[in-house]
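Undergrad: The structure follows.
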Amino acid sequence: MAHQLLKGKKGIIFGALDERSMAWKTALRAVEEGAEIVLSNAPIALRMGKINELSKLCNNAPVIPADATSVADLEALVQKSMEHFGGKMDFILHSIGMSPNVRKAIPYTDTNYDNFLKTLDISALSLHKVLQTCMKMDALNEWSSVVALSYIAAQRTFPGYNDMAEAKALMESIARSFGYHYGFAKKVRVNTVSQSPTITTAGSGVSGFDAFFHYADKMSPLGNASAEDCANFCLMMFSDYTRMVTMQNLFHDGGFSNTGVSQPLIEEMQQNAGI
Ligand SMILES: NC(=O)c1ccc[n+]([C@@H]2O[C@H](COP(=O)([O-])OP(=O)(O)OC[C@H]3O[C@@H](n4cnc5c(N)ncnc54)[C@H](O)[C@@H]3O)[C@@H](O)[C@H]2O)c1
């Protein structure tokens, strides 16, 4: 299903760890649609993950390490990417999330504040750092599109999501605020995509993820959006067909966000309760 939607466009894809990653699927589809890409991830993830395999599948896309909390790393990445492309870029996927509190199963009400600050730095401020670096280095063409992946815990409480809820709320706010400034300054668009629960390394780290996934699937009229669906949505956001969309949080969740309760879920609860 390739339409050369991104022909001639160049961009950076952050966060492809393994073949389940949303960024992995987006990288493959972006190249299928004619884009040229640079792949980036944290240095430790490059050692542990499979990004070199992905690079081969993406016309040997350069793999450039960057810890997204380090402005120096991001400046080097943007510099090298522009050298590689021979000019400015057109899109960026921010697919980065990590909470040390979630990883160590520390309850929200007993949070470790150093960890909490790391969660915010890695999962939210990193978007600001990417945008500010690109703006200062004038790295993005007019009508470029920056997309960051989010989750509905930014708006509603999902207890197992822990401090990632605050991180997503902050990230969505950064997308709105920076979208305003970058829009006026350079016509660059910034949006977040709020994706269904998806079976990936980051997703499965959330406590009770399997039940969570099943619940969302039963609640959503279209079912959960898959990682492949997410990749396709991101491509649309990178394309010129969405050039007037900016500062938005777009729900990509099969209808979950606007459903109060679904009949299949009621029936399942009736069955379980024997009523
Ligand atoms: N899986 C889900 O259920 C789900 C749902 C909605 C949104 N999201 C979001 O989608 C994004 C991608 O997650 P995924 O589900 O594909 O899982 P994933 O684990 O494959 O991707 C997360 C990525 O973040 C990278 N990362 C962590 N710390 C970093 C740092 N300091 N610098 C640079 N990169 C760093 C990891 O190396 C990894 O590649 C995340 O923002 C996540 O919160 C996931």
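By convention in this document, the chains of the structure tokens carry letters A, B, ... by their order, each chain's residues are numbered from 1, and ligands are numbered from 1 in the order they are shown.
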Env of A:His181: 12 Å cut, atoms = only C-alpha atoms, seq-sep filter 5 positions within chain, self excluded. Answer as a PyMOL selection string.
TA: chain A and resi 128+131-132+135+174-176+186-190+246-247
Undergrad: Could you pull out the helix (DSSP H, G or I) residues of stretch 237-268 of chain A from DSSP and send them as a PyMOL selection string?
TA: chain A and resi 237-238+240-242+256-258+263-268
Undergrad: With a distance cut-off of 8 Å and only C-alpha atoms, select the neighbouring residues of A:Cys58, excluding the residue or stretch itself and same-chain residues fewer than 4 positions from it, and output the selection as a list in words.
TA: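 These residues fall inside the cut-off: Ala27, Leu28, Val31, Ile37 and Leu54 of chain A.
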Undergrad: Restricted to N, CA and C atoms, what would the selected residues look like written as a PDB file, in the first residue's frame?
TA:
ATOM      1  N   ALA A  27       9.319   3.758  10.751  1.00  0.00           N
ATOM      2  CA  ALA A  27      10.514   3.880   9.909  1.00  0.00           C
ATOM      3  C   ALA A  27      10.335   3.066   8.614  1.00  0.00           C
ATOM      4  N   LEU A  28       9.896   1.826   8.764  1.00  0.00           N
ATOM      5  CA  LEU A  28       9.717   0.974   7.579  1.00  0.00           C
ATOM      6  C   LEU A  28       8.717   1.583   6.604  1.00  0.00           C
ATOM      7  N   VAL A  31       9.963   4.800   4.776  1.00  0.00           N
ATOM      8  CA  VAL A  31      10.866   4.503   3.652  1.00  0.00           C
ATOM      9  C   VAL A  31      10.068   3.935   2.471  1.00  0.00           C
ATOM     10  N   ILE A  37      15.493   8.591   5.797  1.00  0.00           N
ATOM     11  CA  ILE A  37      15.461   8.783   7.251  1.00  0.00           C
ATOM     12  C   ILE A  37      16.835   8.599   7.905  1.00  0.00           C
ATOM     13  N   LEU A  54      17.202  -2.826  11.464  1.00  0.00           N
ATOM     14  CA  LEU A  54      16.218  -1.909  10.869  1.00  0.00           C
ATOM     15  C   LEU A  54      16.881  -1.021   9.817  1.00  0.00           C
TER      16      LEU A  54
END
Undergrad: If we count only C-alpha atoms, what is near A:Ser239 at a cut-off of 10 Å, once residues fewer than 3 positions away on the same chain are taken out, given as a PyMOL selection string?
TA: chain A and resi 4-7+9+33+90-91+143-145+233-236+242-243
Undergrad: Could the residues in this selection be written to a file with C-alpha atoms, as an mmCIF file, in the first residue's frame?
TA:
data_model
loop_
_atom_site.group_PDB
_atom_site.id
_atom_site.type_symbol
_atom_site.label_atom_id
_atom_site.label_comp_id
_atom_site.auth_asym_id
_atom_site.auth_seq_id
_atom_site.Cartn_x
_atom_site.Cartn_y
_atom_site.Cartn_z
ATOM 1 C CA GLN A 4 5.033 7.672 -2.381
ATOM 2 C CA LEU A 5 3.291 9.953 0.101
ATOM 3 C CA LEU A 6 6.628 11.112 1.538
ATOM 4 C CA LYS A 7 8.653 11.236 -1.667
ATOM 5 C CA LYS A 9 10.957 14.185 2.424
ATOM 6 C CA GLU A 33 6.504 5.868 1.097
ATOM 7 C CA ASP A 90 10.803 17.742 6.890
ATOM 8 C CA PHE A 91 9.633 15.491 9.720
ATOM 9 C CA TRP A 143 5.556 22.978 6.709
ATOM 10 C CA SER A 144 7.666 20.329 8.434
ATOM 11 C CA SER A 145 5.777 18.043 10.805
ATOM 12 C CA PHE A 233 -1.318 7.652 10.969
ATOM 13 C CA CYS A 234 2.122 9.163 11.581
ATOM 14 C CA LEU A 235 2.860 9.055 7.847
ATOM 15 C CA MET A 236 -0.332 10.930 7.176
ATOM 16 C CA THR A 242 -2.271 17.485 6.916
ATOM 17 C CA ARG A 243 -0.347 20.712 6.429
#
Undergrad: Would you kindly return, as a PyMOL selection string, each protein, DNA or RNA residue with an atom no farther than 7 Å from any atom of A:Phe251, considering only C-alpha atoms and excluding same-chain residues fewer than 2 positions away?
TA: chain A and resi 193-195+249+253
Undergrad: Take the residues from that selection and write them out as a tab-separated table (two decimals), in the first residue's frame, keeping N, CA and C atoms.
TA:
chain	number	residue	atom	x	y	z
A	193	VAL	N	0.08	12.30	19.01
A	193	VAL	CA	-0.86	11.25	18.62
A	193	VAL	C	-1.07	10.37	19.84
A	194	SER	N	-2.32	10.30	20.31
A	194	SER	CA	-2.64	9.52	21.51
A	194	SER	C	-3.10	8.13	21.07
A	195	GLN	N	-2.19	7.19	21.26
A	195	GLN	CA	-2.33	5.85	20.67
A	195	GLN	C	-2.98	4.87	21.66
A	249	ASN	N	-3.74	17.37	19.97
A	249	ASN	CA	-3.56	16.00	20.45
A	249	ASN	C	-4.62	15.16	19.75
A	253	ASP	N	-7.30	5.76	18.51
A	253	ASP	CA	-7.60	4.74	19.52
A	253	ASP	C	-8.87	3.94	19.24
Undergrad: Which residues are close to A:Ala16, i.e. within 8 Å by only C-alpha atoms, leaving aside same-chain residues fewer than 3 positions away? Reply as an MDAnalysis selection string.
TA: chainID A and resid 13 19 21:24 39:41 51 95
Undergrad: Which residues in stretch 73-238 of chain A does DSSP call strand (DSSP E or B)? List them as a PyMOL selection string.
TA: chain A and resi 89-94+140-150+189-195
Undergrad: Generate a file of the selected residues that holds C-alpha atoms, formatted as a PDB file, in the first residue's frame.
TA:
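Below is the file result-v6.pdb, written as the result:
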ATOM      1  CA  MET A  89      14.583  18.131   7.161  1.00  0.00           C
ATOM      2  CA  ASP A  90      10.803  17.742   6.890  1.00  0.00           C
ATOM      3  CA  PHE A  91       9.633  15.491   9.720  1.00  0.00           C
ATOM      4  CA  ILE A  92      10.506  14.101  13.130  1.00  0.00           C
ATOM      5  CA  LEU A  93       8.955  11.236  15.086  1.00  0.00           C
ATOM      6  CA  HIS A  94       9.435  11.503  18.870  1.00  0.00           C
ATOM      7  CA  LEU A 140      13.380  22.113   9.602  1.00  0.00           C
ATOM      8  CA  ASN A 141      11.856  23.279   6.314  1.00  0.00           C
ATOM      9  CA  GLU A 142       8.623  25.267   6.281  1.00  0.00           C
ATOM     10  CA  TRP A 143       5.556  22.978   6.709  1.00  0.00           C
ATOM     11  CA  SER A 144       7.666  20.329   8.434  1.00  0.00           C
ATOM     12  CA  SER A 145       5.777  18.043  10.805  1.00  0.00           C
ATOM     13  CA  VAL A 146       6.852  16.901  14.266  1.00  0.00           C
ATOM     14  CA  VAL A 147       4.831  14.109  15.878  1.00  0.00           C
ATOM     15  CA  ALA A 148       5.191  12.766  19.422  1.00  0.00           C
ATOM     16  CA  LEU A 149       3.362   9.696  20.721  1.00  0.00           C
ATOM     17  CA  SER A 150       1.103  10.078  23.742  1.00  0.00           C
ATOM     18  CA  ARG A 189       3.698  21.901  12.814  1.00  0.00           C
ATOM     19  CA  VAL A 190       3.795  20.059  16.134  1.00  0.00           C
ATOM     20  CA  ASN A 191       1.211  17.462  17.188  1.00  0.00           C
ATOM     21  CA  THR A 192       0.812  14.529  19.551  1.00  0.00           C
ATOM     22  CA  VAL A 193      -0.860  11.248  18.624  1.00  0.00           C
ATOM     23  CA  SER A 194      -2.639   9.524  21.507  1.00  0.00           C
ATOM     24  CA  GLN A 195      -2.331   5.851  20.671  1.00  0.00           C
TER      25      GLN A 195
END
Undergrad: What lies within 7 Å of stretch 151-156 of chain A using only C-alpha atoms, ignoring chain neighbours under 2 positions off, as a short mmCIF file (atom, residue, chain, number, x, y, z; two decimals) with C-alpha atoms, in the first residue's frame?
TA:
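After the write, around09.cif holds the following:
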data_model
loop_
_atom_site.label_atom_id
_atom_site.label_comp_id
_atom_site.auth_asym_id
_atom_site.auth_seq_id
_atom_site.Cartn_x
_atom_site.Cartn_y
_atom_site.Cartn_z
CA PHE A 158 -5.15 4.98 34.65
CA ALA A 165 0.53 10.28 33.13
CA GLU A 166 2.14 13.58 34.17
CA LYS A 168 2.27 12.72 28.77
CA ALA A 169 0.24 15.71 30.02
CA SER A 194 -2.64 9.52 21.51
CA GLN A 195 -2.33 5.85 20.67
#
Undergrad: State, in Å with one decimal place, the distance from atom 42 (C, counted along the ligand's line) of ligand 1 to atom CA of A:Ile96.
TA: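 Atom-to-atom, atom 42 (C, counted along the ligand's line) of ligand 1 and atom CA of A:Ile96 are spaced 5.9 Å apart.
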Undergrad: Smallest atom-to-atom distance to A:Gly8: which of A:Lys118, A:Asp240, A:Leu127, A:Cys230, using only C-alpha atoms?
TA: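 Once distances to A:Gly8 are computed over only C-alpha atoms, the minimum belongs to A:Asp240.
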Undergrad: Counting only C-alpha atoms and all ligand atoms, which residue out of A:Gly87, A:Gly183, A:Pro159, A:Gly97 sits closest to ligand 1?
TA: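 Closest to ligand 1 of all the choices is A:Gly97.
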Undergrad: If I take atom 20 (O, counted along the ligand's line) of ligand 1 and atom CA of A:Ala211, how far is one from the other in Å, to one decimal?
TA: 19.6 Å
Undergrad: Considering only C-alpha atoms, state which residue in the set A:Ala167, A:Glu83, A:Leu17, A:Val71 is at the smallest distance from A:Phe116.
TA: A:Ala167
Undergrad: Between A:Lys129, A:Arg20, A:His214, A:Lys10, which has the minimum distance to ligand 1 (counting only C-alpha atoms and all ligand atoms)?
TA: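 For ligand 1, the nearest of the given residues is A:Arg20.
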